[in-house]
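Asks: Got a structure here, written out as structure tokens. Questions coming.
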There are 6 protein chains.
Amino acid sequence: MRLVYFNGKYVPENEAKISIYDSALMFGDMVFEMTRSFNKIQFKLDEHLERLFDSIKFVQIPLKMTLNEMKKVCLETIEKNEPFFDKDDEHRLMINVSRGPLSIYKEVFDGILEPTVVISDFPLKWTVSGMGSLFDTGINAVIPSQRAIPSHLLEPKIKNRSRLHYLMANIEVSNWKGDNNWALLIDPDGFITEGTGDNFFMIKNNKIITPEPRNVLRGISREYIFQLAKELNIECIEKNIDAFDVITADEAFMTGTPFCMLPVTKLNGINVGNGKRGSIFNQLLIQWNENVGVNIEDQIKTWSSQTNQNKSESTTPYQFKN
Amino acid sequence: MRLVYFNGKYVPENEAKISIYDSALMFGDMVFEMTRSFNKIQFKLDEHLERLFDSIKFVQIPLKMTLNEMKKVCLETIEKNEPFFDKDDEHRLMINVSRGPLSIYKEVFDGILEPTVVISDFPLKWTVSGMGSLFDTGINAVIPSQRAIPSHLLEPKIKNRSRLHYLMANIEVSNWKGDNNWALLIDPDGFITEGTGDNFFMIKNNKIITPEPRNVLRGISREYIFQLAKELNIECIEKNIDAFDVITADEAFMTGTPFCMLPVTKLNGINVGNGKRGSIFNQLLIQWNENVGVNIEDQIKTWSSQTNQNKSESTTPYQFKN
Amino acid sequence: MRLVYFNGKYVPENEAKISIYDSALMFGDMVFEMTRSFNKIQFKLDEHLERLFDSIKFVQIPLKMTLNEMKKVCLETIEKNEPFFDKDDEHRLMINVSRGPLSIYKEVFDGILEPTVVISDFPLKWTVSGMGSLFDTGINAVIPSQRAIPSHLLEPKIKNRSRLHYLMANIEVSNWKGDNNWALLIDPDGFITEGTGDNFFMIKNNKIITPEPRNVLRGISREYIFQLAKELNIECIEKNIDAFDVITADEAFMTGTPFCMLPVTKLNGINVGNGKRGSIFNQLLIQWNENVGVNIEDQIKTWSSQTNQNKSESTTPYQFKN
Amino acid sequence: MRLVYFNGKYVPENEAKISIYDSALMFGDMVFEMTRSFNKIQFKLDEHLERLFDSIKFVQIPLKMTLNEMKKVCLETIEKNEPFFDKDDEHRLMINVSRGPLSIYKEVFDGILEPTVVISDFPLKWTVSGMGSLFDTGINAVIPSQRAIPSHLLEPKIKNRSRLHYLMANIEVSNWKGDNNWALLIDPDGFITEGTGDNFFMIKNNKIITPEPRNVLRGISREYIFQLAKELNIECIEKNIDAFDVITADEAFMTGTPFCMLPVTKLNGINVGNGKRGSIFNQLLIQWNENVGVNIEDQIKTWSSQTNQNKSESTTPYQFKN
Amino acid sequence: MRLVYFNGKYVPENEAKISIYDSALMFGDMVFEMTRSFNKIQFKLDEHLERLFDSIKFVQIPLKMTLNEMKKVCLETIEKNEPFFDKDDEHRLMINVSRGPLSIYKEVFDGILEPTVVISDFPLKWTVSGMGSLFDTGINAVIPSQRAIPSHLLEPKIKNRSRLHYLMANIEVSNWKGDNNWALLIDPDGFITEGTGDNFFMIKNNKIITPEPRNVLRGISREYIFQLAKELNIECIEKNIDAFDVITADEAFMTGTPFCMLPVTKLNGINVGNGKRGSIFNQLLIQWNENVGVNIEDQIKTWSSQTNQNKSESTTPYQFKN
Amino acid sequence: MRLVYFNGKYVPENEAKISIYDSALMFGDMVFEMTRSFNKIQFKLDEHLERLFDSIKFVQIPLKMTLNEMKKVCLETIEKNEPFFDKDDEHRLMINVSRGPLSIYKEVFDGILEPTVVISDFPLKWTVSGMGSLFDTGINAVIPSQRAIPSHLLEPKIKNRSRLHYLMANIEVSNWKGDNNWALLIDPDGFITEGTGDNFFMIKNNKIITPEPRNVLRGISREYIFQLAKELNIECIEKNIDAFDVITADEAFMTGTPFCMLPVTKLNGINVGNGKRGSIFNQLLIQWNENVGVNIEDQIKTWSSQTNQNKSESTTPYQFKN
């Protein structure tokens, strides 16, 4: 069975549990990262850890472990789990850090109160196995009634676990007719922000445009699109955009660590551009494939056919099921 | 060792843990209640459970357990734990319900995905042992920069675990000079809402006033104040109030399940009324004492002297420590 | 063929048309009323006309016709049309008033620029013939992403024709699974306002509650519920309410001139109360029936079975069809 | 008499009317364009039609006619009307598209429900004949109390007919002392948006600045200013601006299809710059004149002297008259 | 010459000046009251002083003088000035309190830094001499573009001197055609708040309604209307109201210390009710007259005819002059 | 004794006072500038005066004095005061302009109502003498609950005296533990704006970033940073930033006329970057020193040691003292 790093020890995956008295559960007071590998090599692990340490700093968790120590543990965790992974599996790390148990419960923990650090390693395929067909059909991005919470009320740039509103958005969108519906939140000003675990991009006149990084998590894949665009000599900018901009765009897509990028072909059921996956999407994906030595689309499609999952339950990464 | 009900079993308190793949930890997707006893008898348990089931309904957790079944488990949990409680201890139940593990992890759970129900029983005294002196000094309510999140963005009337912003407010207030500082949040409209685990009341011209129940948890103790006021023939109303109203009020207080009620004598360091605990506070507390057969103030002061805790770390229930 | 009053003349219904140069079409600058009869007798015609003249005053249309003159024309229009109505038809008047053609087009109108007044009479049954089953199933009120426009930006208390956002809300809701979905808009503060042609009520602890009349049309049927409640000795109040309040209510319903009242049994697919039509709804409807001498539910159900309409296209009065 | 294209037929202008049961009149659910010619040649007709089809897409009107078909009809309409135009007249097309009659009225239309397309051709001079003197005095832009509606509530980038609030703004400004007052709306954030039918530009340090295209119609003339600026090698950017920026600007102007561009010399009665028409305005206008082969200012001044209109009623294109 | 109390001394009125280094001038950091007499007897002086001490408390001025001491000084000031007042003059006290000079300037003040207290006595007639005709014509309340600042940004319930926005509103309204225009501000939510020195009331169905006391100064005259209404057995309530409510009201009026009450007959030029002074206004004014033994209207009309002021410059108390 | 220019005369500094009937005191209706010298030479005096005249224009003070006349008076004031300045003193001018006394008080001023112009000259050292140590420790910028008022409600780009909210922010921050706390306001959207008398900059990846100049005073020192950055070939841009951006920045600093620039090493007690003064700060300061021929840091540190002030009362320029 896979092993999970838990505050200095490795425990079986099904015993990787956090105390009900931990601040993580009492307040949703936990920050985290999800990473992935390409050909078993972690992608942008440093960037993920730097963002994690920014989150830790912002919520003021007095963590003693350094970034380098954590990186070592990440790699060790992968090493320990590789035997339990298939040959074609990729390693999806989940790194959770909380403040630890609240002080009024210290007696329960023999007086020892320290931050909680949990690092698990999970085959990426389970996260993305329902998404194969989305490369062809594209996502229908649906703007729910649930708004993104502005950053001054709850900071989305911190990758945190107080995300009930994301789940509520997913539930809401699950009521729409059709498959392939993913939530795309607007903030109270009406600006497009992000999905409930993914960043949004649109293309207009050969320019790649993504929302200003105010009320969104600044995704590592999002950053990578900037890099790919540079390599391809395509302009890529941050800008306030709204539903009208998306509907009159030429193409659109989502990015996320597990699936890298997926086309968005509709917004609220209305075609984005001509309602088909676009050419700049293709260029970016090909470049990404080349850079990492993996055909991302093929890999996910292969996993999708293997795992044979009920499609309706897996077209979004963290979907609510009715 | 105390025992915790966990999905049909009783486990030792230090093993009461929730999987890292549970929606509770992934999304802060857990609802809960905290109750207390007076003389070992649970207070308003039905009301707490009804509110819990409202929360469950709102976030759409497909729980099979009924309210009555849960009540039975609550009482059973207390019975099992009474041997580990001191004679003068009160039972503080914490009831947590989450949607359970996310479906992409079902393999880890042998394909069984069901809501998570955890009921723990904890001596109330540890929660309140630092609050004894506050009955005399009163709380200095501090309005932090962190605003309450409006209900349409994240519903505070659901007692939920996506509360990182409450912790951030507590951290902010911990930077103020002096002890006895508790956060009191205003919403983006500037209206007083609630503390980070307590409701607020003020008295003006012998009328008890509490914020409209829009952006607050509608506390069970809050409801009880309405009942006490009725018994005492004092008018008690809900109204939009702001900082000016509080500073020009005659008295103010906070309510919360663990401590029942505590005087608020200052707002941002400015005296509320004459800066002293007021007479309507006294009347309400005396009535409460009589109704439940416990001298609430004495009980907490006794615990405070017993537990000998460092005062600075315990004047708020879920305080952040610098 | 039915006749329509048009600025002093009666024209066949299919020639009741407004110039493309009329302010009504240039700016959506038209105010209106819809009324209905019970047993061919107009209901609350005075109240409708008073509201119309309030709208005219607010948008400053320099209408010369007085309220009494207009009433006379209304009754005359009905008289002229009665021959074209079935025995069991009811008269649904639609009264439109605009500022008339813009002055730059005066040449087209031989220099004569005057307000446009159009009064048409239409068999009520076509408006409500798809709603019969809703008395049994109830409406699923759906909160769309489209928000109500606050009154200081566009005054909903004026019954006006600048309502593209209402249509957009209807389109959005037509994407939800299931029949029986009606839009229920919240304003940017998150408060329940109204449907796109109907007012909302909920019942909690035997008290009837409807949103504060700020960002809603103050419906004549809405006012009538206050009267019925008085007759039945049930308290009926105006209050800010939100989705949580609705979901935890005991019952809910919508009111509108054509259908009078219909139960709301779900909000966003979640049961309101036990998800069934409630007893206070029944009491109000019975009282209404008695007062007007018509069994409203039976009448609509009869029409529904007669007209044999495709149910999916008619469960809302002004529904968008995909 | 001039002829108007109406759903496949040509009708006399004074019979170009839309049914009271059309969605255009029921909901303000109509999108439109206004174009103009220079020397009888349509200007930017393709751009206007592309924007119209974006509007149609956004509001989801199931129009069968293609852009090219519509263009043909536009040109045909002009051809048919040219005989009724004076030698020095220009052709102002107005193209209206609505969803057509609501389905509950289909019986009135013999069961045929289709979108409504109306294209009229009107001598431009009547729209602008009161504006001649404004080239000299400049406009006094007045910020009314009426705010622009943010795009997420009602999309101004759709050229639509739900514009009662624009008319209300015009009425409000008509109460100001003096002639030459045009409404210039700010949005609820206080940013300058647009007039009630025109876009706004200011110049500061030789840079042309226009509001971010969020809460404004993205005018075709507005776009043309960008092109002219490029030809003249003057920087032209989009930026959030407010009243302070305007008052401390060097120059300002409005653009609109009928009049092309007019100087703004005051804001709320305060001089913009030195309160005179500026040199960059002049450069742009000269370039525009050259590009289209018409002296725009002279043409309008000539019409103004010909038509002899009462100045006070025509200094704004769609002005409210007290 | 009249004498002004200034920090313990009496100085001639034209030497009543505050240092440029005083916090009053550096930050607008001064709170104040204006009172009036009837027949030379101060009206509600205690209430004014209580409100002043609330303001002092809120802005945390460390004033040593007590309320009673200040009252004594007020009366002494009147006594000293009575010789300079006409027989029919009334005493208008202005009481200003600031924090005093900023500490970095203490050297200039010989190291002595103390709050500044200034009490001046001025013949009331000069404040109201232009208002006589308004009792007949009524005020045209104009809603300017300038919004009231919400209380959480700048507390209007503190009678303070940071009121540049009030002056800006007055300037804006001075641009409207006609005399008799007074600014009536709405807050960013669109609710009626107050004038720039007066409170607003409307009457609907014999009920007196005034805005909720959130974003307004809670005027002493406003409070007195509640008392008069009680004496007259007319219901008087606080409620959120907007422009539509005012236009459809039966009557409206303003209150202010200098003029007591004045009818509002128009809003933005639209009649309130029938556009005439109303009967409840009359009842309230008669009662007020009786209670204080002064015919308020006659007194002001007499002063107006005496002082012979240019009407246009004095119809508002602190009017901006173009 | 130092002399102050006052409406055409020179008066001793302690007699530089403004009438209580001046609009400056009645409404906070005064605009101003503060300048400083380097080696007795005024710095950017023209820019300060231009900004002042923009302020005068915006608030519409009918000042007759021209910019050049005012400049002459400024220089004359310095000349007259130089004898009272130490050799190493710098001249800090404060220029105040108000509308003058309100017209109802004209009798007090012999009927002469004219704008008030006051120019004082003060040794700069008193303003900055407590700031010496901040060059080493850096400022802890604290975001108070008090929000910046958005520009459409009260224009901060006008350097005006209605700034009670700035003082309230200072009072609030004075309650924080530790010295070195300066208020840094966010606006209601959560964007960083400015301090209560200083502008904010941060550095990220060698790029200097300062808030968009919407809700801030556009400081002369702020402008100078752009110039210095250009000289040093460092990119310097305006951008919306929030607390997260600051905490994850590399460096930060404040600018203000008296102290030029000071490092910000913490935000709400959290390190900005590594919590130390940064290298780009140093480059900018060195360049500034060179350009003006004064070692700014040394000058202030020298004054700080000379004046021997209580540190706690002088670390902010206009600090509130508890």
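As shown in the structure tokens, the chain order sets the letters A, B, ...; within each chain, residues go from 1, and ligands are also counted from 1 in the order they appear.
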Can you pull out the residues contacting Ile300 of chain F? Cut-off 9 Å, using only C-alpha atoms, and skip same-chain residues under 6 positions away; I want them as a list in words.
Replies: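 Using only C-alpha atoms, the neighbours found are Lys125, Val128, Ser129, Gly130, Met131, Gly132 and Phe259 of chain F.
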Asks: Go ahead and save the residues from that selection, with N, CA and C atoms, as a CSV table (one decimal), in the first residue's frame.
Replies:
chain,number,residue,atom,x,y,z
F,125,LYS,N,13.1,69.8,10.3
F,125,LYS,CA,13.6,68.8,11.2
F,125,LYS,C,12.5,68.4,12.2
F,128,VAL,N,10.5,65.4,11.0
F,128,VAL,CA,11.1,64.1,10.7
F,128,VAL,C,12.1,63.7,11.9
F,129,SER,N,12.2,64.4,12.9
F,129,SER,CA,13.2,64.2,13.9
F,129,SER,C,13.0,62.8,14.6
F,130,GLY,N,11.8,62.2,14.5
F,130,GLY,CA,11.7,60.9,15.1
F,130,GLY,C,11.9,59.8,14.2
F,131,MET,N,12.2,60.1,13.0
F,131,MET,CA,12.3,59.0,12.0
F,131,MET,C,13.6,58.4,11.7
F,132,GLY,N,14.6,58.9,12.3
F,132,GLY,CA,16.0,58.5,12.0
F,132,GLY,C,16.2,57.0,12.1
F,259,PHE,N,10.4,63.2,4.5
F,259,PHE,CA,11.5,62.2,4.7
F,259,PHE,C,12.0,61.6,3.4
Asks: Which chain F residues have any atom within 10 Å of an atom of chain B, and for each, what is the nearest pair of atoms with distance in Å to one decimal, counting only C-alpha atoms, rows sorted by chain and number, as CSV?
Replies:
residue,atom,partner,partner_atom,distance
F:Val142,CA,B:Ser145,CA,9.5
F:Ile143,CA,B:Ser145,CA,6.6
F:Pro144,CA,B:Ser145,CA,5.3
F:Ser145,CA,B:Ser145,CA,3.7
F:Gln146,CA,B:Ser145,CA,7.3
F:Arg147,CA,B:Ser145,CA,8.3
F:Ile171,CA,B:Asn268,CA,9.9
F:Glu172,CA,B:Asn268,CA,7.6
F:Val173,CA,B:Trp176,CA,8.8
F:Ser174,CA,B:Trp176,CA,9.1
F:Asn175,CA,B:Trp176,CA,5.8
F:Trp176,CA,B:Trp176,CA,4.4
F:Lys177,CA,B:Lys177,CA,5.0
F:Gly178,CA,B:Lys177,CA,8.5
F:Leu185,CA,B:Ser145,CA,9.7
F:Ile186,CA,B:Ser145,CA,9.1
F:Pro188,CA,B:Pro188,CA,7.6
F:Asp189,CA,B:Pro188,CA,9.6
F:Gly190,CA,B:Ser145,CA,10.0
F:Asn268,CA,B:Glu172,CA,7.6
F:Gly269,CA,B:Asn175,CA,8.1
Asks: Selected residues, N, CA, C and O atoms, written as a CSV table (one decimal), in the first residue's frame, please.
Replies:
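Contents of part37.csv, freshly written:
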chain,number,residue,atom,x,y,z
F,142,VAL,N,0.8,48.8,8.7
F,142,VAL,CA,-0.4,48.1,9.3
F,142,VAL,C,-1.6,48.5,8.5
F,142,VAL,O,-1.9,49.7,8.4
F,143,ILE,N,-2.4,47.6,8.1
F,143,ILE,CA,-3.6,47.8,7.4
F,143,ILE,C,-4.8,47.9,8.4
F,143,ILE,O,-5.1,46.9,9.0
F,144,PRO,N,-5.3,49.1,8.6
F,144,PRO,CA,-6.3,49.2,9.7
F,144,PRO,C,-7.7,48.9,9.1
F,144,PRO,O,-7.8,48.6,7.9
F,145,SER,N,-8.6,48.8,10.0
F,145,SER,CA,-10.0,48.5,9.6
F,145,SER,C,-10.5,49.7,8.8
F,145,SER,O,-11.3,49.5,7.9
F,146,GLN,N,-10.1,50.9,9.1
F,146,GLN,CA,-10.5,52.1,8.3
F,146,GLN,C,-10.1,52.0,6.9
F,146,GLN,O,-8.9,51.8,6.6
F,147,ARG,N,-11.0,52.0,6.0
F,147,ARG,CA,-10.7,51.9,4.6
F,147,ARG,C,-10.4,53.3,4.0
F,147,ARG,O,-11.0,54.3,4.5
F,171,ILE,N,-5.1,56.7,14.7
F,171,ILE,CA,-5.5,56.3,16.0
F,171,ILE,C,-5.6,54.8,16.2
F,171,ILE,O,-5.1,54.2,17.1
F,172,GLU,N,-6.2,54.2,15.2
F,172,GLU,CA,-6.4,52.8,15.2
F,172,GLU,C,-5.0,52.0,15.3
F,172,GLU,O,-4.8,51.1,16.1
F,173,VAL,N,-4.1,52.5,14.4
F,173,VAL,CA,-2.8,51.8,14.3
F,173,VAL,C,-2.0,52.0,15.6
F,173,VAL,O,-1.1,51.2,16.0
F,174,SER,N,-2.3,53.1,16.3
F,174,SER,CA,-1.5,53.4,17.5
F,174,SER,C,-1.8,52.4,18.6
F,174,SER,O,-1.1,52.3,19.6
F,175,ASN,N,-2.8,51.6,18.4
F,175,ASN,CA,-3.2,50.5,19.3
F,175,ASN,C,-2.3,49.3,19.1
F,175,ASN,O,-2.4,48.3,20.0
F,176,TRP,N,-1.6,49.2,18.1
F,176,TRP,CA,-0.8,48.0,17.8
F,176,TRP,C,0.4,48.0,18.7
F,176,TRP,O,1.0,49.0,19.1
F,177,LYS,N,0.8,46.7,19.1
F,177,LYS,CA,2.1,46.6,19.8
F,177,LYS,C,3.3,47.1,19.0
F,177,LYS,O,3.2,47.0,17.8
F,178,GLY,N,4.3,47.5,19.7
F,178,GLY,CA,5.5,47.9,19.0
F,178,GLY,C,5.5,49.3,18.5
F,178,GLY,O,4.5,50.0,18.5
F,185,LEU,N,-3.5,52.2,4.1
F,185,LEU,CA,-4.9,51.9,3.9
F,185,LEU,C,-5.2,51.1,2.6
F,185,LEU,O,-4.5,51.3,1.6
F,186,ILE,N,-6.2,50.2,2.7
F,186,ILE,CA,-6.7,49.6,1.5
F,186,ILE,C,-8.1,50.2,1.2
F,186,ILE,O,-8.7,50.8,2.1
F,188,PRO,N,-12.1,49.9,-0.4
F,188,PRO,CA,-13.1,48.9,-0.2
F,188,PRO,C,-13.0,47.7,-1.2
F,188,PRO,O,-13.5,46.6,-0.9
F,189,ASP,N,-12.2,47.9,-2.3
F,189,ASP,CA,-11.9,46.7,-3.1
F,189,ASP,C,-10.7,45.9,-2.6
F,189,ASP,O,-10.4,44.8,-3.2
F,190,GLY,N,-10.1,46.3,-1.6
F,190,GLY,CA,-9.0,45.6,-1.0
F,190,GLY,C,-7.6,45.9,-1.6
F,190,GLY,O,-6.6,45.3,-1.3
F,268,ASN,N,1.7,44.3,8.6
F,268,ASN,CA,1.0,43.6,9.7
F,268,ASN,C,1.9,42.7,10.5
F,268,ASN,O,1.4,41.7,11.0
F,269,GLY,N,3.1,43.1,10.6
F,269,GLY,CA,4.0,42.3,11.4
F,269,GLY,C,4.7,41.1,10.7
F,269,GLY,O,5.5,40.4,11.2
Asks: Tell me, as a PDB file with N, CA and C atoms, in the first residue's frame, which residues lie within 8 Å of segment 230-244 of chain F, counting only C-alpha atoms; anything in the same chain fewer than 2 positions away does not count.
Replies:
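Result written to part.pdb:
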ATOM      1  N   PHE A  58       1.910  33.780   4.631  1.00  0.00           N
ATOM      2  CA  PHE A  58       0.729  34.634   4.688  1.00  0.00           C
ATOM      3  C   PHE A  58      -0.181  34.260   5.857  1.00  0.00           C
ATOM      4  N   HIS A 152      -9.634  40.303  -0.609  1.00  0.00           N
ATOM      5  CA  HIS A 152      -9.497  40.938   0.707  1.00  0.00           C
ATOM      6  C   HIS A 152     -10.402  40.278   1.745  1.00  0.00           C
ATOM      7  N   GLU A 155      -8.314  35.059   0.795  1.00  0.00           N
ATOM      8  CA  GLU A 155      -7.271  35.218  -0.235  1.00  0.00           C
ATOM      9  C   GLU A 155      -7.139  33.953  -1.091  1.00  0.00           C
ATOM     10  N   LYS A 157      -5.196  33.568  -3.532  1.00  0.00           N
ATOM     11  CA  LYS A 157      -3.803  33.379  -3.962  1.00  0.00           C
ATOM     12  C   LYS A 157      -3.051  32.495  -2.975  1.00  0.00           C
TER      13      LYS A 157
ATOM     14  N   ILE F 186      -6.175  50.245   2.718  1.00  0.00           N
ATOM     15  CA  ILE F 186      -6.694  49.609   1.511  1.00  0.00           C
ATOM     16  C   ILE F 186      -8.057  50.240   1.208  1.00  0.00           C
ATOM     17  N   GLY F 190     -10.089  46.332  -1.577  1.00  0.00           N
ATOM     18  CA  GLY F 190      -8.975  45.571  -1.031  1.00  0.00           C
ATOM     19  C   GLY F 190      -7.623  45.944  -1.620  1.00  0.00           C
ATOM     20  N   PHE F 191      -7.591  46.937  -2.470  1.00  0.00           N
ATOM     21  CA  PHE F 191      -6.315  47.342  -3.056  1.00  0.00           C
ATOM     22  C   PHE F 191      -5.556  48.257  -2.101  1.00  0.00           C
ATOM     23  N   ILE F 192      -4.256  48.075  -2.051  1.00  0.00           N
ATOM     24  CA  ILE F 192      -3.394  48.991  -1.309  1.00  0.00           C
ATOM     25  C   ILE F 192      -3.555  50.385  -1.919  1.00  0.00           C
ATOM     26  N   ASN F 206      12.933  42.916  -9.327  1.00  0.00           N
ATOM     27  CA  ASN F 206      13.635  44.117  -9.819  1.00  0.00           C
ATOM     28  C   ASN F 206      12.739  45.134 -10.510  1.00  0.00           C
ATOM     29  N   LYS F 207      11.455  44.964 -10.358  1.00  0.00           N
ATOM     30  CA  LYS F 207      10.532  45.939 -10.914  1.00  0.00           C
ATOM     31  C   LYS F 207       9.916  46.716  -9.748  1.00  0.00           C
ATOM     32  N   ILE F 208       9.875  48.039  -9.866  1.00  0.00           N
ATOM     33  CA  ILE F 208       9.260  48.867  -8.830  1.00  0.00           C
ATOM     34  C   ILE F 208       7.776  49.020  -9.155  1.00  0.00           C
ATOM     35  N   ILE F 209       6.940  48.754  -8.183  1.00  0.00           N
ATOM     36  CA  ILE F 209       5.491  48.766  -8.403  1.00  0.00           C
ATOM     37  C   ILE F 209       4.824  49.661  -7.364  1.00  0.00           C
ATOM     38  N   THR F 210       3.941  50.529  -7.821  1.00  0.00           N
ATOM     39  CA  THR F 210       3.190  51.389  -6.906  1.00  0.00           C
ATOM     40  C   THR F 210       1.729  51.322  -7.311  1.00  0.00           C
ATOM     41  N   PRO F 211       0.805  51.500  -6.352  1.00  0.00           N
ATOM     42  CA  PRO F 211      -0.615  51.379  -6.683  1.00  0.00           C
ATOM     43  C   PRO F 211      -1.042  52.303  -7.816  1.00  0.00           C
ATOM     44  N   GLU F 212      -2.014  51.857  -8.574  1.00  0.00           N
ATOM     45  CA  GLU F 212      -2.621  52.727  -9.579  1.00  0.00           C
ATOM     46  C   GLU F 212      -3.068  54.008  -8.896  1.00  0.00           C
ATOM     47  N   PRO F 213      -2.911  55.142  -9.588  1.00  0.00           N
ATOM     48  CA  PRO F 213      -3.091  56.443  -8.903  1.00  0.00           C
ATOM     49  C   PRO F 213      -4.558  56.863  -8.871  1.00  0.00           C
ATOM     50  N   PHE F 226       9.651  57.714 -10.015  1.00  0.00           N
ATOM     51  CA  PHE F 226       9.624  57.333 -11.432  1.00  0.00           C
ATOM     52  C   PHE F 226      10.845  57.889 -12.166  1.00  0.00           C
ATOM     53  N   GLN F 227      11.171  59.149 -11.812  1.00  0.00           N
ATOM     54  CA  GLN F 227      12.320  59.784 -12.465  1.00  0.00           C
ATOM     55  C   GLN F 227      13.628  59.099 -12.071  1.00  0.00           C
ATOM     56  N   LEU F 228      13.770  58.840 -10.769  1.00  0.00           N
ATOM     57  CA  LEU F 228      14.993  58.181 -10.288  1.00  0.00           C
ATOM     58  C   LEU F 228      15.130  56.794 -10.926  1.00  0.00           C
ATOM     59  N   VAL F 246       2.255  42.383  -1.393  1.00  0.00           N
ATOM     60  CA  VAL F 246       3.257  43.060  -0.566  1.00  0.00           C
ATOM     61  C   VAL F 246       4.069  42.044   0.225  1.00  0.00           C
ATOM     62  N   ILE F 247       3.382  41.080   0.809  1.00  0.00           N
ATOM     63  CA  ILE F 247       4.074  40.096   1.651  1.00  0.00           C
ATOM     64  C   ILE F 247       5.019  39.236   0.834  1.00  0.00           C
ATOM     65  N   THR F 248       4.692  39.011  -0.424  1.00  0.00           N
ATOM     66  CA  THR F 248       5.558  38.187  -1.271  1.00  0.00           C
ATOM     67  C   THR F 248       6.481  39.047  -2.140  1.00  0.00           C
ATOM     68  N   LEU F 267       4.631  44.002   6.895  1.00  0.00           N
ATOM     69  CA  LEU F 267       3.223  44.342   6.693  1.00  0.00           C
ATOM     70  C   LEU F 267       2.433  43.582   7.745  1.00  0.00           C
ATOM     71  N   GLN F 283      19.688  51.980  -3.832  1.00  0.00           N
ATOM     72  CA  GLN F 283      20.072  52.627  -5.092  1.00  0.00           C
ATOM     73  C   GLN F 283      19.295  53.921  -5.300  1.00  0.00           C
ATOM     74  N   LEU F 284      17.989  53.845  -5.053  1.00  0.00           N
ATOM     75  CA  LEU F 284      17.147  55.022  -5.260  1.00  0.00           C
ATOM     76  C   LEU F 284      17.556  56.152  -4.327  1.00  0.00           C
ATOM     77  N   GLN F 287      20.841  57.737  -5.359  1.00  0.00           N
ATOM     78  CA  GLN F 287      20.631  58.603  -6.522  1.00  0.00           C
ATOM     79  C   GLN F 287      19.963  59.913  -6.103  1.00  0.00           C
TER      80      GLN F 287
END
Asks: Excluding Glu114 of chain D and residues on its chain fewer than 4 positions from it, collect all residues at most 9 Å away from it, counting only C-alpha atoms, and give them as a ChimeraX atom specification.
Replies: /D:62-63,98-101
Asks: Could you tell me how far atom CA of Leu102 of chain B sits from atom CA of Ala24 of chain B, in Å to one decimal place?
Replies: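 Answer for the atom CA of Ala24 of chain B to atom CA of Leu102 of chain B separation: 9.5 Å.
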Asks: Residues of segment 21-56 of chain B classed as strand (DSSP E) by DSSP on the backbone are to be reported as a ChimeraX atom specification.
Replies: /B:30-34,37-38,41-42
Asks: I need the helix (DSSP H, G or I) residues of segment 144-267 of chain D per DSSP on the backbone, written as a PyMOL selection string.
Replies: chain D and resi 164-173+220-232+243-247
